Amino acid sequence: MPARWVYGATDDDDRDAAAQGLRMVRELYQMRRPLPVEPETDGAPRLATRPFEVGRDEAAWLRVNNRAFASHPDQSSWTPADIAAQEAEDWFDPEGFLLLETDDGMLQGFCWTKVHPVTDVDPAMGEIYVIGVDPDWHGQGLGRALVLAGLAHLAHRGLRVGMLYVESNNTPAVHLYRRLGFTIHQVDRAYDSGH
């Protein structure tokens with residue numbers, strides 16, 4: 001039986017799941033922050049990114065994505081069919097799929113954004129959909145800079161709320177997002193029997 005997701009989970013959901021012999025197996029934070037992000041004052045350089053090019057960048061992106069998320073339950077082991085399915089979605093916008101490369105064209109990292117239209121309960125929002133840095137480039141602050149590049153792109157599109165999802169146990173990422181002004185808006189949990 002696949003895990004059962006509860007969106008906006010509460011302590012009552014935890015108790016109900018426990019009564020059914022289920023345990024929490026994943027917890028996602030939906031985090032939000034206002035846009036735009038105020039210009040940084042620490043002198044950090046802005047990254048020179050370029051938009052994703054359909055038909056050209058898939059193989060390089062798949063390599064970096066699968067290396068960056070090697071142990072992630074949803075994002076690891078993407079295939080050409082997986083990215084083709086995303087490219088076919090109405091929301092897909094290559095201009096909001098930012099790639100960071102070395103001078104000789106090697107992909108270092110990316111920030112893939114997504115725009116959510118206004119709903120009855122939420123304003124239009126810009127999501128940091130997937131962000132990743134090749135492990136060979138970890139520890140150089142590229143993840144932080146890529147988040148800021150993605151948020152700047154979303155603000156330039158006129159969006160006033162940025163959001164993202166992050167695993168609650170990804171402590172470094174949660175700390176980074178908090179430092180960038182994100183706060184937890186909703187907690188989603190998956191419960192499973194563990195069998």
# chains A, B, ... in the order shown; residues from 1 in each chain; ligands from 1
>>> residues_around(residues="range 157-169 of chain A", least_positions_apart="3", cutoff="6 Å", atoms="only C-alpha atoms", output="compact mmCIF listing (two decimals) with C-alpha atoms, in the first residue's frame")
# COMPACT_ATOMS: atom_id res chain seq x y z
CA GLU A 27 7.27 15.37 6.29
CA LEU A 28 7.37 18.27 3.85
CA TYR A 29 7.38 21.94 4.71
CA GLN A 30 5.73 24.38 2.35
CA MET A 31 7.65 27.59 2.97
CA ARG A 32 6.79 31.07 1.71
CA ARG A 33 8.25 34.57 1.66
CA PRO A 34 7.25 37.93 0.20
CA LEU A 35 8.74 39.11 -3.09
CA MET A 125 2.73 32.49 -6.38
CA GLY A 126 6.14 31.71 -7.80
CA GLU A 127 7.62 28.40 -6.73
CA ILE A 128 11.22 27.32 -6.53
CA LEU A 154 9.71 35.41 -10.22
>>> select_by_dssp(residues="chain A", states="strand (DSSP E or B)", output="PyMOL selection string")
chain A and resi 4-6+23-34+50-51+97-101+107-116+125-133+161-167+183-192
>>> select_by_dssp(residues="range 103-168 of chain A", states="helix (DSSP H, G or I)", output="list in words")
Pro135, Asp136, Trp137, Leu142, Gly143, Arg144, Ala145, Leu146, Val147, Leu148, Ala149, Gly150, Leu151, Ala152, His153, Leu154, Ala155 and His156 of chain A
>>> closest_residue(among="A:Phe182, A:Gly96, A:Asp82, A:Arg26", to="Tyr7 in chain A", atoms="only C-alpha atoms")
A:Arg26
>>> residues_around(residues="Trp61 in chain A", least_positions_apart="4", cutoff="8 Å", atoms="only C-alpha atoms", output="list of chain:residue names")
A:Asp57, A:Asn65, A:Leu107
